[in-house]
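One structure is given below, encoded as structure tokens.
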Amino acid sequence: MAFEGLSEKLQGALRKMTGRGRLTEQAVKEGMREVRMALLEADVNYAVAKDFIRKVTERCVGADVLSSLTPSQQVIRIVNEEMTELMGSTNAKLNWSSSVPSIIMLCGLQGAGKTTMCAKLAGYLTKQGKKPMLAACDIYRPAAIKQLQVVGQQVNVPVFEKGTQDPVKTAKEAIEYARYYQRDVLIIDTAGRLHIDEDLMDELLRIQKAVSPTEILLTVDAMTGQDAVNVAKAFDEKLGVTGVILTKLDGDTRGGAALSIKAVTGKPIKFSGIGEKLSDIEPFHPDRMASRILGMGDVLTLIDKAAEAFDEQDAGKFARKGLNNKLTLEDFLYQMQSMKKMGGLRSMISMLPGMSGKDIDVDDNAMKKPEAIIRSMTPKERRDPSILNASRRKRIAAGSGTTVQDVNTLIRQFEQAQQMMKRMMGAKGKKALRGMRFPGM
């Protein structure tokens, strides 16, 4: 899990510092030494870590904190605020051009996930009401153009490509194509290298001068720590990047890149890649990330994911069924699918206060078996499980690759859920639900 090591050490250092009753200046300084070690072990830039500790210490030893009745809360608040400031304070939104299309140029080293991120960003912008198009300007990496076409098709976004012709010419032609077909955003996938070299930078500069992009976004691998910061600094000095996209933030990320890039380059982190699926992209919110690292949860992102995963019409239908005690196994299946859209149980629990950075013993595959069982039923069986006799249950078990006992367990759990819902839907429960504004209610 991302930041797991950093989260544990930071939370441990803060507990030691604030768990002594009265907070003293000596206790603050000792605790800050442990925080500093945790940051350096997470590969945070040395100068950034030093400045962070200085600011937090100065605020923590102030009269307001030391004389406070709740110094522990004050210290955590200060650390949270300074960490948020370190990562950019607020979510940095994309800039848009006054003329169509707005051009977003993605650059970065090979292996950072740049081509996949082009499609992720295009898919994200489509959900925001934009009409993006992708341009294949990486003519060197084997199958790079084909990869962009494949991922572009998966998010239903067109890809403009002209084979191995000069990438500058391809980029200019892509702009005209986008204008003709009324695509309001053009995302250019540029070439990468295993390391920074003059040829790479010269080509990127030529593309930049030819198309004048609205945004130059650098994709960096969050798992590379301090190396990611060095890469960001080098690209910014040559191109003047407008923002950073952190990829692989779902892996064993130490935190060095996320906590250092803004402070070292002055450029905001605008998006983060949080998984392998093309939908696994989210805007980077420094305040939410700081809360997650400090074990305070990220309820706002959880709410955003829920709003995206649950259709308003379906939510209203589900509520009406609940009022009338008519929930079916089809509703069970819908709820499981919606939870998967939110990233699975492990991802959801990690966003709850007190759970961030902990080793959560949750099997994300736990829903696969009941989902397979329900999918092996006929529509009539899903709507009315009471007709499931022994022969039907045996057929369902064979069709889902499970056992009759597994089928019986699912049916028993469903019946228990129905009974619980019936108890909840007493007079008070029905009155409360009818007060909610769902479509059609």
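By convention in this document, the chains of the structure tokens carry letters A, B, ... by their order, each chain's residues are numbered from 1, and ligands are numbered from 1 in the order they are shown.
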
- Message: Would you pick out the contacts of segment 370-380 of chain A at 12 Å or less, using only C-alpha atoms, so that residues sharing its chain but fewer than 4 positions from it are not included, and give the list as number ranges by chain?
- Response: A: 328-337, 340, 365-366, 384-388, 392-414

- Query: Which residues come within 6 Å of Ile269 of chain A, counting only C-alpha atoms, excluding same-chain residues fewer than 6 positions away, as an MDAnalysis selection string?
  - Reply: chainID A and resid 243:245

Please list as a short mmCIF file (atom, residue, chain, number, x, y, z; two decimals) with N, CA, C and O atoms, in the first residue's frame every residue within 12 Å of segment 229-235 of chain A, counting only C-alpha atoms and excluding residues in the same chain fewer than 3 positions away.
data_model
loop_
_atom_site.label_atom_id
_atom_site.label_comp_id
_atom_site.auth_asym_id
_atom_site.auth_seq_id
_atom_site.Cartn_x
_atom_site.Cartn_y
_atom_site.Cartn_z
N ASP A 43 12.84 8.61 1.44
CA ASP A 43 13.52 9.20 0.27
C ASP A 43 13.03 10.61 -0.04
O ASP A 43 13.01 11.03 -1.20
N VAL A 44 12.63 11.34 0.98
CA VAL A 44 12.28 12.75 0.81
C VAL A 44 13.58 13.54 0.67
O VAL A 44 14.57 13.24 1.33
N ASN A 45 13.57 14.54 -0.20
CA ASN A 45 14.74 15.38 -0.41
C ASN A 45 15.26 15.93 0.91
O ASN A 45 14.48 16.39 1.75
N TYR A 46 16.59 15.87 1.12
CA TYR A 46 17.19 16.26 2.41
C TYR A 46 16.83 17.70 2.79
O TYR A 46 16.42 17.96 3.93
N VAL A 48 14.35 19.50 1.74
CA VAL A 48 12.91 19.60 1.98
C VAL A 48 12.56 19.10 3.37
O VAL A 48 11.80 19.73 4.11
N LEU A 106 2.27 15.28 -22.91
CA LEU A 106 2.77 14.42 -21.85
C LEU A 106 4.19 13.98 -22.18
O LEU A 106 4.48 13.54 -23.30
N CYS A 107 5.08 14.12 -21.21
CA CYS A 107 6.46 13.71 -21.42
C CYS A 107 6.94 12.93 -20.19
O CYS A 107 6.28 12.93 -19.15
N GLY A 108 8.10 12.29 -20.32
CA GLY A 108 8.65 11.51 -19.21
C GLY A 108 9.58 10.43 -19.72
O GLY A 108 9.72 10.22 -20.92
N LEU A 109 10.20 9.74 -18.78
CA LEU A 109 11.12 8.66 -19.14
C LEU A 109 10.34 7.38 -19.44
O LEU A 109 9.19 7.22 -19.02
N GLN A 110 10.99 6.46 -20.14
CA GLN A 110 10.36 5.16 -20.40
C GLN A 110 10.14 4.42 -19.09
O GLN A 110 10.94 4.49 -18.17
N ALA A 112 7.63 4.91 -17.00
CA ALA A 112 6.86 5.66 -16.01
C ALA A 112 5.35 5.51 -16.22
O ALA A 112 4.56 5.98 -15.41
N GLY A 192 9.90 8.79 -24.95
CA GLY A 192 10.67 8.77 -23.71
C GLY A 192 12.03 8.13 -23.95
O GLY A 192 12.34 7.70 -25.06
N ARG A 193 12.83 8.09 -22.95
CA ARG A 193 14.13 7.42 -23.01
C ARG A 193 14.34 6.72 -21.67
O ARG A 193 13.65 6.95 -20.70
N LEU A 194 15.33 5.83 -21.63
CA LEU A 194 15.67 5.19 -20.37
C LEU A 194 16.33 6.18 -19.42
O LEU A 194 16.33 6.02 -18.21
N HIS A 195 16.92 7.23 -19.99
CA HIS A 195 17.51 8.30 -19.18
C HIS A 195 17.47 9.59 -20.00
O HIS A 195 17.25 9.57 -21.23
N ILE A 196 17.66 10.72 -19.35
CA ILE A 196 17.59 12.01 -20.04
C ILE A 196 18.79 12.19 -20.95
O ILE A 196 19.93 11.96 -20.55
N ASP A 197 18.56 12.57 -22.22
CA ASP A 197 19.66 12.88 -23.13
C ASP A 197 19.28 14.06 -24.01
O ASP A 197 18.12 14.49 -24.06
N GLU A 198 20.25 14.62 -24.72
CA GLU A 198 20.04 15.82 -25.51
C GLU A 198 19.08 15.61 -26.67
O GLU A 198 18.27 16.48 -26.99
N LEU A 200 16.54 13.56 -26.86
CA LEU A 200 15.18 13.55 -26.33
C LEU A 200 14.69 14.97 -26.07
O LEU A 200 13.60 15.37 -26.51
N MET A 201 15.50 15.76 -25.38
CA MET A 201 15.10 17.12 -25.01
C MET A 201 14.93 18.00 -26.25
O MET A 201 14.02 18.83 -26.31
N ASP A 202 15.81 17.84 -27.23
CA ASP A 202 15.72 18.64 -28.46
C ASP A 202 14.40 18.37 -29.18
O ASP A 202 13.74 19.30 -29.68
N LEU A 204 11.58 17.20 -27.85
CA LEU A 204 10.48 17.74 -27.04
C LEU A 204 10.38 19.25 -27.20
O LEU A 204 9.28 19.82 -27.27
N LEU A 205 11.53 19.92 -27.26
CA LEU A 205 11.54 21.38 -27.45
C LEU A 205 10.97 21.76 -28.81
O LEU A 205 10.24 22.75 -28.93
N ILE A 216 2.13 21.22 -20.16
CA ILE A 216 3.20 20.23 -20.35
C ILE A 216 3.26 19.43 -19.04
O ILE A 216 3.72 19.94 -18.02
N LEU A 217 2.73 18.23 -19.09
CA LEU A 217 2.63 17.41 -17.89
C LEU A 217 3.70 16.32 -17.92
O LEU A 217 3.82 15.59 -18.90
N LEU A 218 4.45 16.24 -16.85
CA LEU A 218 5.52 15.25 -16.73
C LEU A 218 5.02 14.06 -15.93
O LEU A 218 4.54 14.22 -14.80
N THR A 219 5.10 12.86 -16.50
CA THR A 219 4.73 11.65 -15.77
C THR A 219 5.97 11.08 -15.10
O THR A 219 7.00 10.86 -15.75
N VAL A 220 5.89 10.87 -13.81
CA VAL A 220 7.01 10.30 -13.06
C VAL A 220 6.54 9.12 -12.22
O VAL A 220 5.41 9.11 -11.72
N ASP A 221 7.39 8.14 -12.10
CA ASP A 221 7.10 6.92 -11.34
C ASP A 221 7.26 7.22 -9.85
O ASP A 221 8.36 7.51 -9.38
N ALA A 222 6.15 7.18 -9.11
CA ALA A 222 6.19 7.51 -7.67
C ALA A 222 7.06 6.55 -6.88
O ALA A 222 7.54 6.88 -5.79
N MET A 223 7.30 5.34 -7.42
CA MET A 223 8.08 4.35 -6.70
C MET A 223 9.58 4.60 -6.76
O MET A 223 10.36 3.96 -6.06
N THR A 224 10.01 5.56 -7.62
CA THR A 224 11.44 5.83 -7.74
C THR A 224 11.94 6.85 -6.72
O THR A 224 13.13 7.15 -6.67
N GLY A 225 11.05 7.41 -5.93
CA GLY A 225 11.46 8.30 -4.84
C GLY A 225 12.22 9.52 -5.31
O GLY A 225 11.78 10.28 -6.17
N GLN A 226 13.42 9.72 -4.74
CA GLN A 226 14.22 10.90 -5.02
C GLN A 226 14.61 11.02 -6.49
O GLN A 226 14.74 12.12 -7.02
N LYS A 238 14.47 22.33 -18.77
CA LYS A 238 14.53 22.36 -20.23
C LYS A 238 13.21 22.83 -20.87
O LYS A 238 13.20 23.61 -21.82
N LEU A 239 12.08 22.31 -20.34
CA LEU A 239 10.80 22.54 -21.00
C LEU A 239 9.89 23.53 -20.28
O LEU A 239 9.00 24.12 -20.89
N GLY A 240 10.11 23.69 -18.96
CA GLY A 240 9.18 24.50 -18.19
C GLY A 240 7.84 23.80 -18.03
O GLY A 240 6.80 24.27 -18.51
N VAL A 241 7.86 22.63 -17.40
CA VAL A 241 6.63 21.84 -17.24
C VAL A 241 5.62 22.62 -16.39
O VAL A 241 5.99 23.45 -15.55
N THR A 242 4.36 22.38 -16.64
CA THR A 242 3.30 23.08 -15.89
C THR A 242 2.73 22.25 -14.76
O THR A 242 2.00 22.76 -13.91
N GLY A 243 3.05 20.96 -14.76
CA GLY A 243 2.53 20.10 -13.71
C GLY A 243 3.10 18.70 -13.81
O GLY A 243 3.77 18.36 -14.79
N VAL A 244 2.81 17.90 -12.79
CA VAL A 244 3.35 16.55 -12.70
C VAL A 244 2.20 15.56 -12.50
O VAL A 244 1.20 15.88 -11.85
N ILE A 245 2.34 14.39 -13.11
CA ILE A 245 1.42 13.28 -12.85
C ILE A 245 2.23 12.16 -12.21
O ILE A 245 3.21 11.69 -12.78
N LEU A 246 1.85 11.76 -11.00
CA LEU A 246 2.52 10.66 -10.31
C LEU A 246 1.85 9.35 -10.70
O LEU A 246 0.64 9.18 -10.51
N GLY A 255 7.07 7.65 -0.69
CA GLY A 255 6.55 8.99 -0.39
C GLY A 255 7.48 10.11 -0.77
O GLY A 255 7.08 11.28 -0.75
N GLY A 256 8.74 9.79 -1.09
CA GLY A 256 9.72 10.82 -1.38
C GLY A 256 9.33 11.74 -2.51
O GLY A 256 9.47 12.96 -2.43
N ALA A 257 8.80 11.15 -3.60
CA ALA A 257 8.42 11.96 -4.76
C ALA A 257 7.26 12.88 -4.44
O ALA A 257 7.30 14.08 -4.72
N ALA A 258 6.20 12.33 -3.85
CA ALA A 258 5.00 13.12 -3.56
C ALA A 258 5.30 14.29 -2.63
O ALA A 258 4.75 15.38 -2.77
N LEU A 259 6.20 14.06 -1.66
CA LEU A 259 6.48 15.09 -0.66
C LEU A 259 7.57 16.08 -1.10
O LEU A 259 7.73 17.13 -0.48
N SER A 260 8.30 15.76 -2.16
CA SER A 260 9.44 16.60 -2.54
C SER A 260 9.26 17.39 -3.82
O SER A 260 9.82 18.48 -3.97
N ILE A 261 8.50 16.86 -4.78
CA ILE A 261 8.45 17.45 -6.12
C ILE A 261 8.02 18.92 -6.11
O ILE A 261 8.66 19.78 -6.71
N LYS A 262 6.94 19.23 -5.42
CA LYS A 262 6.44 20.62 -5.41
C LYS A 262 7.46 21.56 -4.77
O LYS A 262 7.71 22.66 -5.27
N ALA A 263 8.07 21.12 -3.67
CA ALA A 263 9.02 21.98 -2.96
C ALA A 263 10.29 22.22 -3.78
O ALA A 263 10.86 23.31 -3.74
N VAL A 264 10.74 21.21 -4.52
CA VAL A 264 11.99 21.32 -5.28
C VAL A 264 11.79 22.05 -6.60
O VAL A 264 12.58 22.91 -6.98
N THR A 265 10.71 21.72 -7.32
CA THR A 265 10.51 22.29 -8.66
C THR A 265 9.53 23.47 -8.68
O THR A 265 9.54 24.26 -9.63
N GLY A 266 8.69 23.56 -7.67
CA GLY A 266 7.66 24.60 -7.68
C GLY A 266 6.47 24.24 -8.55
O GLY A 266 5.54 25.03 -8.68
N LYS A 267 6.49 23.04 -9.14
CA LYS A 267 5.42 22.61 -10.03
C LYS A 267 4.45 21.70 -9.28
O LYS A 267 4.86 20.78 -8.57
N PRO A 268 3.15 21.91 -9.44
CA PRO A 268 2.17 21.11 -8.69
C PRO A 268 1.97 19.72 -9.25
O PRO A 268 2.15 19.48 -10.45
N ILE A 269 1.61 18.80 -8.38
CA ILE A 269 1.18 17.47 -8.82
C ILE A 269 -0.30 17.60 -9.15
O ILE A 269 -1.11 17.96 -8.28
#

- Distance atom CA of Ser89 of chain A-atom CA of Val185 of chain A, one decimal place? 26.9 Å

- Message: Would you compute the distance between atom CA of Val157 of chain A and atom CA of Leu249 of chain A? Give it in Å to one decimal.
- Response: 24.4 Å

Backbone-only DSSP, helix (DSSP H, G or I) members of segment 116-315 of chain A, as a compact mmCIF listing (two decimals) with N, CA and C atoms, in the first residue's frame:
# COMPACT_ATOMS: atom_id res chain seq x y z
N THR A 116 0.04 4.83 -21.13
CA THR A 116 -1.19 4.42 -20.44
C THR A 116 -1.86 5.62 -19.78
N MET A 117 -1.04 6.52 -19.22
CA MET A 117 -1.59 7.70 -18.55
C MET A 117 -2.29 8.62 -19.54
N CYS A 118 -1.81 8.66 -20.80
CA CYS A 118 -2.50 9.44 -21.83
C CYS A 118 -3.96 8.99 -21.94
N ALA A 119 -4.16 7.67 -21.98
CA ALA A 119 -5.52 7.12 -22.10
C ALA A 119 -6.31 7.35 -20.82
N LYS A 120 -5.66 7.20 -19.67
CA LYS A 120 -6.35 7.44 -18.39
C LYS A 120 -6.85 8.88 -18.32
N LEU A 121 -5.99 9.80 -18.70
CA LEU A 121 -6.36 11.22 -18.67
C LEU A 121 -7.48 11.50 -19.67
N ALA A 122 -7.39 10.89 -20.86
CA ALA A 122 -8.45 11.07 -21.86
C ALA A 122 -9.79 10.54 -21.35
N GLY A 123 -9.75 9.37 -20.70
CA GLY A 123 -10.98 8.80 -20.14
C GLY A 123 -11.55 9.68 -19.04
N TYR A 124 -10.67 10.20 -18.19
CA TYR A 124 -11.10 11.10 -17.11
C TYR A 124 -11.76 12.35 -17.68
N LEU A 125 -11.13 12.96 -18.70
CA LEU A 125 -11.66 14.19 -19.29
C LEU A 125 -12.98 13.94 -20.01
N THR A 126 -13.14 12.75 -20.58
CA THR A 126 -14.41 12.40 -21.22
C THR A 126 -15.54 12.43 -20.20
N LYS A 127 -15.28 11.91 -19.00
CA LYS A 127 -16.29 11.93 -17.94
C LYS A 127 -16.60 13.36 -17.49
N ALA A 144 4.83 1.33 -29.55
CA ALA A 144 4.28 2.44 -28.77
C ALA A 144 2.99 2.97 -29.40
N ILE A 145 2.99 3.10 -30.75
CA ILE A 145 1.80 3.60 -31.45
C ILE A 145 0.65 2.62 -31.30
N LYS A 146 0.95 1.33 -31.46
CA LYS A 146 -0.09 0.30 -31.32
C LYS A 146 -0.66 0.30 -29.90
N GLN A 147 0.21 0.47 -28.91
CA GLN A 147 -0.25 0.50 -27.51
C GLN A 147 -1.21 1.66 -27.29
N LEU A 148 -0.87 2.83 -27.84
CA LEU A 148 -1.74 4.00 -27.67
C LEU A 148 -3.09 3.76 -28.36
N GLN A 149 -3.07 3.10 -29.51
CA GLN A 149 -4.32 2.81 -30.22
C GLN A 149 -5.20 1.86 -29.40
N VAL A 150 -4.56 0.86 -28.79
CA VAL A 150 -5.32 -0.12 -27.99
C VAL A 150 -5.96 0.54 -26.78
N VAL A 151 -5.17 1.30 -26.00
CA VAL A 151 -5.74 1.92 -24.80
C VAL A 151 -6.71 3.04 -25.17
N GLY A 152 -6.46 3.70 -26.31
CA GLY A 152 -7.40 4.73 -26.76
C GLY A 152 -8.75 4.13 -27.10
N GLN A 153 -8.73 2.97 -27.74
CA GLN A 153 -9.97 2.28 -28.08
C GLN A 153 -10.72 1.86 -26.81
N GLN A 154 -9.98 1.46 -25.79
CA GLN A 154 -10.61 1.00 -24.55
C GLN A 154 -11.36 2.12 -23.83
N PRO A 167 7.85 13.51 -35.58
CA PRO A 167 6.83 13.74 -34.56
C PRO A 167 6.30 15.18 -34.54
N VAL A 168 7.15 16.14 -34.91
CA VAL A 168 6.71 17.54 -34.94
C VAL A 168 5.63 17.72 -36.00
N LYS A 169 5.83 17.12 -37.17
CA LYS A 169 4.84 17.19 -38.25
C LYS A 169 3.55 16.48 -37.84
N THR A 170 3.69 15.33 -37.18
CA THR A 170 2.51 14.59 -36.71
C THR A 170 1.70 15.43 -35.72
N ALA A 171 2.39 16.09 -34.79
CA ALA A 171 1.72 16.91 -33.78
C ALA A 171 0.95 18.06 -34.43
N LYS A 172 1.56 18.72 -35.43
CA LYS A 172 0.91 19.84 -36.11
C LYS A 172 -0.30 19.37 -36.91
N GLU A 173 -0.18 18.22 -37.56
CA GLU A 173 -1.30 17.68 -38.32
C GLU A 173 -2.44 17.23 -37.39
N ALA A 174 -2.06 16.76 -36.21
CA ALA A 174 -3.07 16.31 -35.23
C ALA A 174 -3.93 17.49 -34.77
N ILE A 175 -3.34 18.67 -34.67
CA ILE A 175 -4.10 19.85 -34.27
C ILE A 175 -5.17 20.17 -35.30
N GLU A 176 -4.80 20.15 -36.57
CA GLU A 176 -5.76 20.43 -37.64
C GLU A 176 -6.86 19.37 -37.67
N TYR A 177 -6.47 18.12 -37.46
CA TYR A 177 -7.44 17.02 -37.44
C TYR A 177 -8.43 17.22 -36.29
N ALA A 178 -7.91 17.59 -35.11
CA ALA A 178 -8.76 17.80 -33.94
C ALA A 178 -9.74 18.95 -34.18
N ARG A 179 -9.27 20.01 -34.81
CA ARG A 179 -10.16 21.14 -35.11
C ARG A 179 -11.25 20.74 -36.09
N TYR A 180 -10.87 20.00 -37.12
CA TYR A 180 -11.83 19.59 -38.15
C TYR A 180 -12.93 18.71 -37.56
N GLU A 198 20.25 14.62 -24.72
CA GLU A 198 20.04 15.82 -25.51
C GLU A 198 19.08 15.61 -26.67
N ASP A 199 19.17 14.43 -27.32
CA ASP A 199 18.28 14.15 -28.45
C ASP A 199 16.81 14.18 -28.01
N LEU A 200 16.54 13.56 -26.86
CA LEU A 200 15.18 13.55 -26.33
C LEU A 200 14.69 14.97 -26.07
N MET A 201 15.50 15.76 -25.38
CA MET A 201 15.10 17.12 -25.01
C MET A 201 14.93 18.00 -26.25
N ASP A 202 15.81 17.84 -27.23
CA ASP A 202 15.72 18.64 -28.46
C ASP A 202 14.40 18.37 -29.18
N GLU A 203 14.01 17.08 -29.25
CA GLU A 203 12.76 16.74 -29.93
C GLU A 203 11.56 17.31 -29.17
N LEU A 204 11.58 17.20 -27.85
CA LEU A 204 10.48 17.74 -27.04
C LEU A 204 10.38 19.25 -27.20
N LEU A 205 11.53 19.92 -27.26
CA LEU A 205 11.54 21.38 -27.45
C LEU A 205 10.97 21.76 -28.81
N ARG A 206 11.29 20.98 -29.83
CA ARG A 206 10.77 21.25 -31.17
C ARG A 206 9.24 21.10 -31.21
N ILE A 207 8.74 20.06 -30.54
CA ILE A 207 7.28 19.86 -30.48
C ILE A 207 6.64 21.01 -29.71
N GLN A 208 7.25 21.38 -28.60
CA GLN A 208 6.72 22.48 -27.77
C GLN A 208 6.61 23.78 -28.58
N LYS A 209 7.66 24.12 -29.30
CA LYS A 209 7.67 25.36 -30.09
C LYS A 209 6.67 25.31 -31.24
N ALA A 210 6.46 24.10 -31.78
CA ALA A 210 5.57 23.95 -32.94
C ALA A 210 4.09 24.03 -32.56
N VAL A 211 3.72 23.53 -31.37
CA VAL A 211 2.29 23.43 -31.02
C VAL A 211 1.87 24.34 -29.88
N ALA A 222 6.15 7.18 -9.11
CA ALA A 222 6.19 7.51 -7.67
C ALA A 222 7.06 6.55 -6.88
N MET A 223 7.30 5.34 -7.42
CA MET A 223 8.08 4.35 -6.70
C MET A 223 9.58 4.60 -6.76
N THR A 224 10.01 5.56 -7.62
CA THR A 224 11.44 5.83 -7.74
C THR A 224 11.94 6.85 -6.72
N GLN A 226 13.42 9.72 -4.74
CA GLN A 226 14.22 10.90 -5.02
C GLN A 226 14.61 11.02 -6.49
N ASP A 227 14.77 9.89 -7.18
CA ASP A 227 15.09 9.92 -8.61
C ASP A 227 13.99 10.64 -9.40
N ALA A 228 12.74 10.46 -8.98
CA ALA A 228 11.63 11.12 -9.65
C ALA A 228 11.75 12.64 -9.54
N VAL A 229 12.22 13.10 -8.38
CA VAL A 229 12.41 14.53 -8.16
C VAL A 229 13.50 15.07 -9.08
N ASN A 230 14.59 14.33 -9.21
CA ASN A 230 15.69 14.74 -10.10
C ASN A 230 15.24 14.80 -11.55
N VAL A 231 14.43 13.83 -11.96
CA VAL A 231 13.89 13.81 -13.32
C VAL A 231 12.99 15.03 -13.54
N ALA A 232 12.13 15.31 -12.58
CA ALA A 232 11.21 16.46 -12.69
C ALA A 232 12.00 17.76 -12.79
N LYS A 233 13.06 17.89 -12.03
CA LYS A 233 13.88 19.11 -12.06
C LYS A 233 14.54 19.28 -13.42
N ALA A 234 15.06 18.19 -13.99
CA ALA A 234 15.74 18.25 -15.28
C ALA A 234 14.77 18.60 -16.41
N PHE A 235 13.61 17.98 -16.43
CA PHE A 235 12.62 18.28 -17.47
C PHE A 235 12.12 19.72 -17.35
N ASP A 236 11.91 20.17 -16.09
CA ASP A 236 11.40 21.52 -15.89
C ASP A 236 12.40 22.57 -16.36
N GLU A 237 13.67 22.35 -16.12
CA GLU A 237 14.70 23.29 -16.54
C GLU A 237 14.75 23.43 -18.05
N LYS A 238 14.47 22.33 -18.77
CA LYS A 238 14.53 22.36 -20.23
C LYS A 238 13.21 22.83 -20.87
N LEU A 239 12.08 22.31 -20.34
CA LEU A 239 10.80 22.54 -21.00
C LEU A 239 9.89 23.53 -20.28
N GLY A 256 8.74 9.79 -1.09
CA GLY A 256 9.72 10.82 -1.38
C GLY A 256 9.33 11.74 -2.51
N ALA A 257 8.80 11.15 -3.60
CA ALA A 257 8.42 11.96 -4.76
C ALA A 257 7.26 12.88 -4.44
N ALA A 258 6.20 12.33 -3.85
CA ALA A 258 5.00 13.12 -3.56
C ALA A 258 5.30 14.29 -2.63
N LEU A 259 6.20 14.06 -1.66
CA LEU A 259 6.48 15.09 -0.66
C LEU A 259 7.57 16.08 -1.10
N SER A 260 8.30 15.76 -2.16
CA SER A 260 9.44 16.60 -2.54
C SER A 260 9.26 17.39 -3.82
N ILE A 261 8.50 16.86 -4.78
CA ILE A 261 8.45 17.45 -6.12
C ILE A 261 8.02 18.92 -6.11
N LYS A 262 6.94 19.23 -5.42
CA LYS A 262 6.44 20.62 -5.41
C LYS A 262 7.46 21.56 -4.77
N ALA A 263 8.07 21.12 -3.67
CA ALA A 263 9.02 21.98 -2.96
C ALA A 263 10.29 22.22 -3.78
N VAL A 264 10.74 21.21 -4.52
CA VAL A 264 11.99 21.32 -5.28
C VAL A 264 11.79 22.05 -6.60
N THR A 265 10.71 21.72 -7.32
CA THR A 265 10.51 22.29 -8.66
C THR A 265 9.53 23.47 -8.68
N PRO A 286 -3.57 17.72 -2.17
CA PRO A 286 -2.55 17.69 -1.12
C PRO A 286 -3.13 17.50 0.28
N ASP A 287 -4.25 18.15 0.58
CA ASP A 287 -4.83 18.04 1.92
C ASP A 287 -5.32 16.62 2.20
N ARG A 288 -5.92 16.00 1.19
CA ARG A 288 -6.41 14.63 1.37
C ARG A 288 -5.24 13.65 1.49
N MET A 289 -4.19 13.88 0.70
CA MET A 289 -3.03 12.99 0.75
C MET A 289 -2.34 13.10 2.10
N ALA A 290 -2.22 14.31 2.64
CA ALA A 290 -1.61 14.50 3.96
C ALA A 290 -2.41 13.78 5.03
N SER A 291 -3.73 13.89 4.96
CA SER A 291 -4.58 13.21 5.93
C SER A 291 -4.42 11.70 5.84
N ARG A 292 -4.29 11.19 4.61
CA ARG A 292 -4.12 9.75 4.42
C ARG A 292 -2.80 9.28 5.02
N ILE A 293 -1.73 10.04 4.77
CA ILE A 293 -0.41 9.67 5.29
C ILE A 293 -0.39 9.67 6.81
N VAL A 299 -11.96 10.69 3.64
CA VAL A 299 -13.39 10.47 3.45
C VAL A 299 -13.91 11.21 2.22
N LEU A 300 -13.35 12.38 1.91
CA LEU A 300 -13.82 13.16 0.76
C LEU A 300 -13.61 12.39 -0.55
N THR A 301 -12.43 11.76 -0.70
CA THR A 301 -12.19 10.97 -1.91
C THR A 301 -13.13 9.76 -1.94
N LEU A 302 -13.39 9.17 -0.78
CA LEU A 302 -14.32 8.03 -0.71
C LEU A 302 -15.71 8.46 -1.17
N ILE A 303 -16.13 9.66 -0.77
CA ILE A 303 -17.44 10.18 -1.19
C ILE A 303 -17.45 10.42 -2.70
N ASP A 304 -16.35 10.98 -3.23
CA ASP A 304 -16.25 11.22 -4.67
C ASP A 304 -16.37 9.91 -5.45
N LYS A 305 -15.69 8.87 -4.96
CA LYS A 305 -15.73 7.57 -5.63
C LYS A 305 -17.15 6.98 -5.57
N ALA A 306 -17.81 7.15 -4.43
CA ALA A 306 -19.17 6.63 -4.29
C ALA A 306 -20.13 7.33 -5.24
N ALA A 307 -19.98 8.66 -5.37
CA ALA A 307 -20.85 9.43 -6.26
C ALA A 307 -20.66 8.99 -7.71
N GLU A 308 -19.42 8.62 -8.06
CA GLU A 308 -19.12 8.19 -9.42
C GLU A 308 -19.60 6.77 -9.68
N ALA A 309 -19.51 5.92 -8.64
CA ALA A 309 -19.82 4.50 -8.82
C ALA A 309 -21.33 4.21 -8.79
N GLU A 312 -27.49 7.67 -9.77
CA GLU A 312 -28.54 8.28 -8.96
C GLU A 312 -29.89 7.59 -9.16
N GLN A 313 -30.20 7.25 -10.41
CA GLN A 313 -31.46 6.56 -10.69
C GLN A 313 -31.50 5.20 -10.00
N ASP A 314 -30.37 4.46 -10.07
CA ASP A 314 -30.30 3.13 -9.45
C ASP A 314 -30.40 3.25 -7.93
N ALA A 315 -29.79 4.31 -7.36
CA ALA A 315 -29.86 4.52 -5.92
C ALA A 315 -31.31 4.73 -5.48

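Taking segment 14-177 of chain A and asking which residues DSSP calls strand (DSSP E or B) on the backbone, you get Ser102, Ile103, Ile104, Met105, Leu106, Cys107, Pro132, Met133, Leu134, Ala135, Ala136, Cys137, Val159 and Phe160 of chain A.
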
C-alpha atoms of the current selection, written as a PDB file, in the first residue's frame:
ATOM      1  CA  SER A 102      -6.425  22.786 -25.687  1.00  0.00           C
ATOM      2  CA  ILE A 103      -3.143  20.924 -26.112  1.00  0.00           C
ATOM      3  CA  ILE A 104      -1.737  18.734 -23.346  1.00  0.00           C
ATOM      4  CA  MET A 105       1.772  17.425 -23.956  1.00  0.00           C
ATOM      5  CA  LEU A 106       2.775  14.418 -21.850  1.00  0.00           C
ATOM      6  CA  CYS A 107       6.463  13.707 -21.416  1.00  0.00           C
ATOM      7  CA  PRO A 132     -10.345  14.484 -26.166  1.00  0.00           C
ATOM      8  CA  MET A 133      -8.158  13.030 -28.899  1.00  0.00           C
ATOM      9  CA  LEU A 134      -4.773  11.305 -28.616  1.00  0.00           C
ATOM     10  CA  ALA A 135      -1.765  11.920 -30.863  1.00  0.00           C
ATOM     11  CA  ALA A 136       0.945   9.248 -31.236  1.00  0.00           C
ATOM     12  CA  CYS A 137       4.305  11.052 -31.338  1.00  0.00           C
ATOM     13  CA  VAL A 159      -5.959   8.254 -31.854  1.00  0.00           C
ATOM     14  CA  PHE A 160      -4.197  10.273 -34.555  1.00  0.00           C
TER      15      PHE A 160
END
